[in-house]
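Next comes final.cif, a file with mmCIF, C-alpha atoms.
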```cif
data_run
#
loop_
_atom_site.group_PDB
_atom_site.id
_atom_site.type_symbol
_atom_site.label_atom_id
_atom_site.label_comp_id
_atom_site.auth_asym_id
_atom_site.auth_seq_id
_atom_site.Cartn_x
_atom_site.Cartn_y
_atom_site.Cartn_z
ATOM 1 C CA MET A 13 -53.600 77.240 -59.562
ATOM 2 C CA SER A 14 -50.526 75.576 -58.144
ATOM 3 C CA ILE A 15 -48.829 72.210 -57.822
ATOM 4 C CA SER A 16 -46.306 70.959 -55.309
ATOM 5 C CA PHE A 17 -42.599 70.690 -56.102
ATOM 6 C CA GLN A 18 -42.883 66.899 -55.702
ATOM 7 C CA GLN A 19 -45.665 66.730 -58.282
ATOM 8 C CA PHE A 20 -43.598 68.928 -60.577
ATOM 9 C CA ARG A 21 -40.599 66.608 -60.269
ATOM 10 C CA GLN A 22 -42.747 63.565 -61.027
ATOM 11 C CA GLY A 23 -44.252 65.211 -64.074
ATOM 12 C CA HIS A 24 -47.857 65.275 -62.833
ATOM 13 C CA THR A 25 -48.673 68.428 -64.712
ATOM 14 C CA ASN A 26 -51.678 67.322 -66.770
ATOM 15 C CA THR A 27 -54.019 69.698 -64.977
ATOM 16 C CA ILE A 28 -51.848 72.783 -65.254
ATOM 17 C CA VAL A 29 -49.830 72.302 -68.033
ATOM 18 C CA PHE A 30 -41.449 77.026 -62.325
ATOM 19 C CA HIS A 31 -27.717 87.281 -62.110
ATOM 20 C CA ARG A 32 -28.122 87.766 -65.483
ATOM 21 C CA LEU A 33 -34.845 75.798 -72.653
ATOM 22 C CA GLY A 34 -35.828 72.011 -76.011
ATOM 23 C CA ARG A 35 -39.108 73.641 -75.945
ATOM 24 C CA MET A 36 -42.261 72.550 -74.186
ATOM 25 C CA PRO A 37 -45.659 74.324 -74.390
ATOM 26 C CA LEU A 38 -46.275 76.392 -71.265
ATOM 27 C CA ILE A 39 -49.522 78.011 -70.202
ATOM 28 C CA SER A 40 -49.286 81.770 -69.817
ATOM 29 C CA GLY A 41 -49.541 82.854 -66.217
ATOM 30 C CA LEU A 42 -48.453 79.471 -64.824
ATOM 31 C CA ALA A 43 -47.887 79.632 -61.095
ATOM 32 C CA LEU A 44 -45.991 76.803 -59.473
ATOM 33 C CA VAL A 45 -45.653 76.854 -55.708
ATOM 34 C CA TRP A 46 -43.830 74.638 -53.249
ATOM 35 C CA MET A 47 -42.341 74.936 -49.791
ATOM 36 C CA MET A 48 -38.798 74.412 -48.591
ATOM 37 C CA ARG A 49 -37.444 74.258 -45.033
ATOM 38 C CA TYR A 50 -34.020 74.967 -43.556
ATOM 39 C CA GLN A 51 -32.859 74.064 -40.084
ATOM 40 C CA GLY A 52 -29.990 74.832 -37.704
ATOM 41 C CA LYS A 53 -26.974 77.067 -38.262
ATOM 42 C CA ASP A 54 -24.124 77.061 -40.722
ATOM 43 C CA LYS A 55 -20.455 76.728 -39.731
ATOM 44 C CA LYS A 56 -20.206 80.467 -39.074
ATOM 45 C CA GLY A 57 -23.222 80.473 -36.800
ATOM 46 C CA HIS A 58 -25.630 82.133 -39.194
ATOM 47 C CA GLU A 59 -29.222 81.125 -38.575
ATOM 48 C CA LYS A 60 -30.703 78.799 -41.164
ATOM 49 C CA MET A 61 -34.337 78.851 -42.209
ATOM 50 C CA THR A 62 -36.442 76.898 -39.693
ATOM 51 C CA ASP A 63 -39.745 75.036 -39.953
ATOM 52 C CA ASP A 64 -41.423 78.235 -38.780
ATOM 53 C CA ASN A 65 -39.766 80.303 -41.492
ATOM 54 C CA ARG A 66 -40.561 78.657 -44.795
ATOM 55 C CA ILE A 67 -39.952 79.916 -48.302
ATOM 56 C CA ALA A 68 -42.769 79.635 -50.845
ATOM 57 C CA TRP A 69 -41.429 79.306 -54.383
ATOM 58 C CA GLN A 70 -43.439 80.398 -57.394
ATOM 59 C CA VAL A 71 -42.768 80.343 -61.136
ATOM 60 C CA ASP A 72 -44.574 82.688 -63.514
ATOM 61 C CA HIS A 73 -44.536 83.949 -67.053
ATOM 62 C CA PHE A 74 -44.558 87.723 -67.391
ATOM 63 C CA ASP A 75 -48.305 87.775 -68.035
ATOM 64 C CA GLY A 76 -48.846 85.890 -64.783
ATOM 65 C CA LEU A 77 -47.148 88.531 -62.661
ATOM 66 C CA GLY A 78 -49.406 90.979 -60.868
ATOM 67 C CA ALA A 79 -48.522 94.663 -60.700
ATOM 68 C CA LYS A 80 -47.317 94.364 -57.086
ATOM 69 C CA GLN A 81 -45.252 91.229 -57.824
ATOM 70 C CA LEU A 82 -43.617 92.920 -60.791
ATOM 71 C CA TYR A 83 -42.835 96.050 -58.787
ATOM 72 C CA GLU A 84 -41.283 93.997 -55.958
ATOM 73 C CA LEU A 85 -39.030 91.877 -58.145
ATOM 74 C CA LEU A 86 -37.893 94.814 -60.266
ATOM 75 C CA LYS A 87 -37.182 96.846 -57.132
ATOM 76 C CA LEU A 88 -35.094 94.018 -55.658
ATOM 77 C CA ARG A 89 -33.139 93.683 -58.895
ATOM 78 C CA LEU A 90 -32.488 97.415 -59.142
ATOM 79 C CA ASP A 91 -31.622 97.756 -55.448
ATOM 80 C CA VAL A 92 -28.973 95.035 -55.712
ATOM 81 C CA PHE A 93 -27.611 95.092 -59.262
ATOM 82 C CA VAL A 94 -27.708 98.841 -59.868
ATOM 83 C CA VAL A 95 -27.591 100.553 -56.457
ATOM 84 C CA GLU A 96 -25.740 98.083 -54.191
ATOM 85 C CA GLN A 97 -23.248 97.062 -56.878
ATOM 86 C CA ALA A 98 -22.939 100.671 -58.094
ATOM 87 C CA CYS A 99 -23.387 99.589 -61.703
ATOM 88 C CA ALA A 100 -25.335 101.738 -64.130
ATOM 89 C CA TYR A 101 -26.525 99.392 -66.871
ATOM 90 C CA PRO A 102 -29.777 98.623 -68.779
ATOM 91 C CA GLU A 103 -31.419 96.389 -66.167
ATOM 92 C CA LEU A 104 -34.722 96.373 -68.075
ATOM 93 C CA ASP A 105 -33.474 94.674 -71.235
ATOM 94 C CA GLY A 106 -36.762 93.593 -72.806
ATOM 95 C CA LYS A 107 -36.254 89.892 -72.085
ATOM 96 C CA ASP A 108 -38.606 89.811 -69.091
ATOM 97 C CA VAL A 109 -41.647 89.897 -71.373
ATOM 98 C CA PHE A 110 -40.636 87.099 -73.771
ATOM 99 C CA SER A 111 -43.263 84.355 -73.904
ATOM 100 C CA ASP A 112 -40.850 81.611 -72.757
ATOM 101 C CA THR A 113 -39.135 83.615 -70.013
ATOM 102 C CA LEU A 114 -39.795 82.267 -66.500
ATOM 103 C CA HIS A 115 -39.631 84.324 -63.307
ATOM 104 C CA ILE A 116 -38.873 82.439 -60.073
ATOM 105 C CA THR A 117 -39.718 84.136 -56.790
ATOM 106 C CA GLY A 118 -39.214 82.921 -53.230
ATOM 107 C CA ARG A 119 -41.253 84.506 -50.434
ATOM 108 C CA ALA A 120 -40.943 84.332 -46.669
ATOM 109 C CA GLN A 121 -43.933 83.685 -44.424
ATOM 110 C CA ASP A 122 -44.589 87.420 -44.146
ATOM 111 C CA SER A 123 -44.845 87.491 -47.963
ATOM 112 C CA SER A 124 -41.662 89.548 -48.336
ATOM 113 C CA LEU A 125 -39.608 88.758 -51.431
ATOM 114 C CA ALA A 126 -36.561 86.767 -50.328
ATOM 115 C CA ALA A 127 -35.121 85.548 -53.623
ATOM 116 C CA TYR A 128 -35.573 85.862 -57.365
ATOM 117 C CA ALA A 129 -34.138 84.598 -60.657
ATOM 118 C CA ARG A 130 -35.003 84.744 -64.342
ATOM 119 C CA ILE A 131 -34.772 81.817 -66.772
ATOM 120 C CA LEU A 132 -34.302 82.449 -70.500
ATOM 121 C CA ALA A 133 -35.177 79.992 -73.261
ATOM 122 C CA PRO A 134 -32.550 78.697 -75.701
ATOM 123 C CA GLY A 135 -31.512 81.263 -78.277
ATOM 124 C CA VAL A 136 -32.242 84.329 -76.137
ATOM 125 C CA ARG A 137 -28.863 84.846 -74.445
ATOM 126 C CA PHE A 138 -27.052 81.637 -75.430
ATOM 127 C CA SER A 139 -27.900 78.696 -77.679
ATOM 128 C CA ASN A 140 -28.532 76.756 -74.472
ATOM 129 C CA VAL A 141 -31.000 77.519 -71.695
ATOM 130 C CA SER A 142 -29.769 80.373 -69.527
ATOM 131 C CA PHE A 143 -30.643 82.092 -66.290
ATOM 132 C CA GLY A 144 -29.604 85.264 -64.546
ATOM 133 C CA ARG A 145 -30.742 88.133 -62.335
ATOM 134 C CA VAL A 146 -30.076 85.690 -59.472
ATOM 135 C CA VAL A 147 -30.591 87.631 -56.271
ATOM 136 C CA VAL A 148 -31.212 87.032 -52.561
ATOM 137 C CA ALA A 149 -32.566 89.916 -50.472
ATOM 138 C CA PRO A 150 -30.069 91.224 -47.874
ATOM 139 C CA ALA A 151 -32.131 89.988 -44.916
ATOM 140 C CA PHE A 152 -31.921 86.392 -46.207
ATOM 141 C CA ARG A 153 -28.243 86.163 -47.120
ATOM 142 C CA LYS A 154 -25.852 83.727 -45.420
ATOM 143 C CA THR A 155 -28.703 81.244 -44.900
ATOM 144 C CA GLY A 156 -27.957 78.923 -47.825
ATOM 145 C CA LEU A 157 -30.922 80.315 -49.732
ATOM 146 C CA GLY A 158 -28.787 81.131 -52.777
ATOM 147 C CA HIS A 159 -27.862 77.465 -53.190
ATOM 148 C CA VAL A 160 -31.482 76.417 -52.823
ATOM 149 C CA LEU A 161 -32.511 78.974 -55.431
ATOM 150 C CA VAL A 162 -30.035 77.562 -57.958
ATOM 151 C CA LYS A 163 -31.314 74.036 -57.279
ATOM 152 C CA LYS A 164 -34.848 75.239 -57.965
ATOM 153 C CA ILE A 165 -33.725 76.879 -61.196
ATOM 154 C CA LEU A 166 -32.036 73.682 -62.377
ATOM 155 C CA ALA A 167 -35.091 71.590 -61.489
ATOM 156 C CA VAL A 168 -37.279 73.872 -63.572
ATOM 157 C CA THR A 169 -34.916 73.951 -66.550
ATOM 158 C CA ALA A 170 -34.519 70.154 -66.516
ATOM 159 C CA ARG A 171 -38.276 69.610 -66.458
ATOM 160 C CA THR A 172 -39.125 72.296 -69.004
ATOM 161 C CA TRP A 173 -36.270 71.707 -71.450
ATOM 162 C CA PRO A 174 -35.120 68.085 -70.877
ATOM 163 C CA ASN A 175 -31.504 67.246 -71.707
ATOM 164 C CA LYS A 176 -30.747 70.833 -72.682
ATOM 165 C CA ASP A 177 -27.488 72.198 -71.268
ATOM 166 C CA VAL A 178 -27.527 75.408 -69.242
ATOM 167 C CA THR A 179 -25.079 78.242 -69.939
ATOM 168 C CA ILE A 180 -24.766 81.369 -67.814
ATOM 169 C CA SER A 181 -22.752 84.559 -67.704
ATOM 170 C CA ALA A 182 -21.603 84.506 -64.083
ATOM 171 C CA GLN A 183 -19.856 87.227 -62.158
ATOM 172 C CA ASN A 184 -16.313 85.927 -61.805
ATOM 173 C CA TYR A 185 -16.268 86.070 -57.996
ATOM 174 C CA LEU A 186 -19.133 83.544 -58.018
ATOM 175 C CA ARG A 187 -17.193 80.992 -60.084
ATOM 176 C CA SER A 188 -16.743 78.587 -57.146
ATOM 177 C CA PHE A 189 -20.384 78.969 -56.147
ATOM 178 C CA TYR A 190 -21.579 77.832 -59.561
ATOM 179 C CA LYS A 191 -18.906 75.135 -59.786
ATOM 180 C CA SER A 192 -20.518 73.580 -56.711
ATOM 181 C CA HIS A 193 -23.679 73.183 -58.822
ATOM 182 C CA GLY A 194 -21.924 71.427 -61.683
ATOM 183 C CA PHE A 195 -21.028 74.409 -63.893
ATOM 184 C CA VAL A 196 -17.644 74.566 -65.633
ATOM 185 C CA PRO A 197 -15.965 77.617 -67.235
ATOM 186 C CA VAL A 198 -16.270 77.765 -71.026
ATOM 187 C CA SER A 199 -14.754 81.199 -71.675
ATOM 188 C CA ASP A 200 -12.023 83.518 -70.528
ATOM 189 C CA THR A 201 -12.910 86.220 -68.024
ATOM 190 C CA TYR A 202 -14.361 89.328 -69.653
ATOM 191 C CA LEU A 203 -15.803 92.655 -68.562
ATOM 192 C CA GLU A 204 -19.530 93.238 -68.817
ATOM 193 C CA ASP A 205 -20.896 96.554 -67.562
ATOM 194 C CA GLY A 206 -17.558 97.067 -65.807
ATOM 195 C CA ILE A 207 -17.773 93.797 -63.820
ATOM 196 C CA ALA A 208 -15.652 90.682 -64.471
ATOM 197 C CA HIS A 209 -17.764 87.818 -65.830
ATOM 198 C CA ILE A 210 -17.156 84.315 -67.122
ATOM 199 C CA ASP A 211 -19.390 82.006 -69.175
ATOM 200 C CA MET A 212 -20.111 78.674 -67.483
ATOM 201 C CA THR A 213 -22.048 75.620 -68.676
ATOM 202 C CA ARG A 214 -23.739 72.736 -66.895
ATOM 203 C CA ASN A 215 -24.390 69.478 -68.770
ATOM 204 C CA GLN A 216 -27.999 68.465 -68.151
ATOM 205 C CA ALA A 217 -27.912 65.151 -70.030
#
```
Starting from the coordinates I provided, produce the structure as structure tokens.
Amino acid sequence: MSISFQQFRQGHTNTIVFHRLGRMPLISGLALVWMMRYQGKDKKGHEKMTDDNRIAWQVDHFDGLGAKQLYELLKLRLDVFVVEQACAYPELDGKDVFSDTLHITGRAQDSSLAAYARILAPGVRFSNVSFGRVVVAPAFRKTGLGHVLVKKILAVTARTWPNKDVTISAQNYLRSFYKSHGFVPVSDTYLEDGIAHIDMTRNQA
């Protein structure tokens, strides 16, 4: 079952009750799908998503992920965070299976996985809601999809855990990226798995 992003934003969820959440009952295996479109080119001439190349966004609990979905998202995470970034660390940390953890996936029209992120409930990583494992597949980078993914994450956190701030552990080179989405630094820079990170928080009130 699925509902549109517009219905989600308006709260019409009576029938179904979406890098590294207040609490509201969520049905295991929830799948929330909506479509987004991108047009034109950015300032550097990179092609944006067009009406003929839409991204379908879906939000699931762990139990709602099929074997193929799980394989695809874990492969993308490992390919980027472990292989591409040359960082040997415990990518499978046990948090994927928590009952309140949400997995956001974005798929292109050919069903290939274009983007992914994981949302963690309050008290799992920080006292606030958190998200991480934010990743865009190489073929879809420089299209603005990363910004759209963060907007989707924030829409889901605001609807699921109203008025709950969001705190993340961001890679330091992405500080400006997250600042553009309303996050502010709340810690000094520190090393995590050999990579410089900084904690950042966004006020959701």
Open item on the list: Restricting the calculation to all atoms listed in the file: of A:Leu114, A:Val95, A:Leu104, A:Leu86, which residue gets closest to A:Phe74?
Closed with: A:Leu114
Open item on the list: Report, in Å with one decimal, the straight-line distance from atom CA of A:Ala217 to atom CA of A:Ser111.
Closed with: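 Between atom CA of A:Ala217 and atom CA of A:Ser111 the gap is 24.9 Å.
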Task: Selected residue, from A:Ala208, A:Ile116, A:Gln121, A:Ala170, that lies nearest to A:Arg187 when counting all atoms listed in the file - done: A:Ala208
Task: Non-local contacts of A:Glu84 (12 Å; all atoms listed in the file; under 3 positions in same chain excluded) as a PyMOL selection string - done: chain A and resi 77-81+87-91+117-119+123-128+149
Open item on the list: Once the PyMOL selection byres ((chain A and resi 185) around 10) is applied to the coordinates I shared, what remains selected? I want it as a ChimeraX atom specification.
Closed with: /A:182-184,186-190,207-210
Task: Distance of atom CA of A:Leu161 from atom CA of A:Val141, expressed in Å to one decimal place - done: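 Separation of atom CA of A:Val141 and atom CA of A:Leu161: 16.4 Å.
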Open item on the list: Given all atoms listed in the file as the basis, pick out the residue of A:Val109, A:Val147, A:Val162, A:Ala133 nearest to A:Asp177.
Closed with: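 Checking each of A:Val109, A:Val147, A:Val162, A:Ala133 against A:Asp177, counting all atoms listed in the file, the winner is A:Ala133.
Note that atom CA of A:Phe143 and atom CA of A:Lys163 are 12.1 Å apart.
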- [ ] Compare A:Leu157, A:Pro174, A:Pro102, A:Tyr202 by their minimum atom-to-atom distance to A:Ala68, counting all atoms listed in the file, and give me the closest one.
- [x] A:Leu157
Open item on the list: When the PyMOL selection byres ((chain A and resi 139) around 10) is applied to the structure above, which residues does it catch, written out as a PyMOL selection string?
Closed with: chain A and resi 33+133-138+140-142+176-179
Task: Picked residues, the PyMOL selection byres ((chain A and resi 205) around 8), as a ChimeraX atom specification - done: /A:99-101,203-204,206-207
Centre, edges in Å (one decimal): axis-aligned box, stretch 152-162 of chain A, 3 Å padding on all six sides, as JSON:
```
{"center_x": -29.2, "center_y": 81.4, "center_z": -51.4, "size_x": 12.7, "size_y": 16.0, "size_z": 19.1}
```
- [ ] Pick out the closest residue to A:Thr213 from this set: A:Thr113, A:Thr172, A:Gln70, A:Ser181. Count all atoms listed in the file.
- [x]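 Nearest candidate to A:Thr213 out of A:Thr113, A:Thr172, A:Gln70, A:Ser181: A:Ser181.
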Open item on the list: Just checking: using only C-alpha atoms, which residue out of A:Val196, A:Phe93, A:His115, A:Val148 ends up closest to A:Leu132?
Closed with: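 Going through A:Val196, A:Phe93, A:His115, A:Val148 one by one, the smallest distance to A:Leu132 is for A:His115.
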Output requested as a compact mmCIF listing (two decimals), in the coordinates of the input - stretch 159-195 of chain A, filled out with N, CA and C atoms.
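Result file is selection.txt:
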```
# COMPACT_ATOMS: atom_id res chain seq x y z
N HIS A 159 -28.05 78.82 -52.65
CA HIS A 159 -27.86 77.46 -53.19
C HIS A 159 -29.21 76.80 -53.48
N VAL A 160 -30.16 77.01 -52.61
CA VAL A 160 -31.48 76.42 -52.82
C VAL A 160 -32.13 77.02 -54.06
N LEU A 161 -31.96 78.32 -54.25
CA LEU A 161 -32.51 78.97 -55.43
C LEU A 161 -31.94 78.37 -56.71
N VAL A 162 -30.64 78.15 -56.76
CA VAL A 162 -30.04 77.56 -57.96
C VAL A 162 -30.57 76.15 -58.19
N LYS A 163 -30.74 75.38 -57.13
CA LYS A 163 -31.31 74.04 -57.28
C LYS A 163 -32.72 74.10 -57.86
N LYS A 164 -33.50 75.07 -57.43
CA LYS A 164 -34.85 75.24 -57.96
C LYS A 164 -34.80 75.58 -59.45
N ILE A 165 -33.88 76.50 -59.80
CA ILE A 165 -33.72 76.88 -61.20
C ILE A 165 -33.41 75.66 -62.05
N LEU A 166 -32.46 74.85 -61.60
CA LEU A 166 -32.04 73.68 -62.38
C LEU A 166 -33.15 72.64 -62.48
N ALA A 167 -33.96 72.51 -61.43
CA ALA A 167 -35.09 71.59 -61.49
C ALA A 167 -36.10 72.04 -62.54
N VAL A 168 -36.33 73.34 -62.60
CA VAL A 168 -37.28 73.87 -63.57
C VAL A 168 -36.75 73.74 -64.99
N THR A 169 -35.47 74.06 -65.20
CA THR A 169 -34.92 73.95 -66.55
C THR A 169 -34.90 72.51 -67.03
N ALA A 170 -34.58 71.57 -66.13
CA ALA A 170 -34.52 70.15 -66.52
C ALA A 170 -35.90 69.62 -66.89
N ARG A 171 -36.91 70.08 -66.19
CA ARG A 171 -38.28 69.61 -66.46
C ARG A 171 -38.86 70.28 -67.70
N THR A 172 -38.54 71.54 -67.90
CA THR A 172 -39.12 72.30 -69.00
C THR A 172 -38.40 72.05 -70.32
N TRP A 173 -37.08 71.95 -70.26
CA TRP A 173 -36.27 71.71 -71.45
C TRP A 173 -35.37 70.50 -71.18
N PRO A 174 -35.90 69.28 -71.23
CA PRO A 174 -35.12 68.08 -70.88
C PRO A 174 -33.85 67.94 -71.73
N ASN A 175 -32.78 67.55 -71.05
CA ASN A 175 -31.50 67.25 -71.71
C ASN A 175 -30.89 68.45 -72.43
N LYS A 176 -31.33 69.64 -72.09
CA LYS A 176 -30.75 70.83 -72.68
C LYS A 176 -29.75 71.43 -71.70
N ASP A 177 -28.51 71.63 -72.14
CA ASP A 177 -27.49 72.20 -71.27
C ASP A 177 -27.85 73.63 -70.86
N VAL A 178 -27.26 74.07 -69.76
CA VAL A 178 -27.53 75.41 -69.24
C VAL A 178 -26.23 76.21 -69.27
N THR A 179 -26.25 77.37 -69.88
CA THR A 179 -25.08 78.24 -69.94
C THR A 179 -25.42 79.59 -69.32
N ILE A 180 -24.53 80.10 -68.49
CA ILE A 180 -24.77 81.37 -67.81
C ILE A 180 -23.56 82.29 -67.97
N SER A 181 -23.82 83.57 -67.82
CA SER A 181 -22.75 84.56 -67.70
C SER A 181 -22.68 84.92 -66.23
N ALA A 182 -21.70 84.35 -65.54
CA ALA A 182 -21.60 84.51 -64.08
C ALA A 182 -20.59 85.58 -63.72
N GLN A 183 -20.88 86.33 -62.67
CA GLN A 183 -19.86 87.23 -62.16
C GLN A 183 -18.69 86.37 -61.68
N ASN A 184 -17.49 86.78 -62.02
CA ASN A 184 -16.31 85.93 -61.80
C ASN A 184 -16.11 85.54 -60.35
N TYR A 185 -16.48 86.40 -59.41
CA TYR A 185 -16.27 86.07 -58.00
C TYR A 185 -17.20 84.95 -57.53
N LEU A 186 -18.21 84.62 -58.35
CA LEU A 186 -19.13 83.54 -58.02
C LEU A 186 -18.78 82.23 -58.73
N ARG A 187 -17.60 82.18 -59.33
CA ARG A 187 -17.19 80.99 -60.08
C ARG A 187 -17.27 79.73 -59.22
N SER A 188 -16.74 79.77 -58.02
CA SER A 188 -16.74 78.59 -57.15
C SER A 188 -18.17 78.21 -56.73
N PHE A 189 -18.99 79.22 -56.50
CA PHE A 189 -20.38 78.97 -56.15
C PHE A 189 -21.07 78.15 -57.23
N TYR A 190 -20.92 78.56 -58.48
CA TYR A 190 -21.58 77.83 -59.56
C TYR A 190 -20.89 76.50 -59.87
N LYS A 191 -19.59 76.43 -59.63
CA LYS A 191 -18.91 75.14 -59.79
C LYS A 191 -19.51 74.09 -58.85
N SER A 192 -19.93 74.52 -57.67
CA SER A 192 -20.52 73.58 -56.71
C SER A 192 -21.85 73.03 -57.20
N HIS A 193 -22.42 73.66 -58.24
CA HIS A 193 -23.68 73.18 -58.82
C HIS A 193 -23.46 72.53 -60.19
N GLY A 194 -22.21 72.18 -60.47
CA GLY A 194 -21.92 71.43 -61.68
C GLY A 194 -21.57 72.25 -62.90
N PHE A 195 -21.40 73.56 -62.76
CA PHE A 195 -21.03 74.41 -63.89
C PHE A 195 -19.51 74.42 -64.07
```
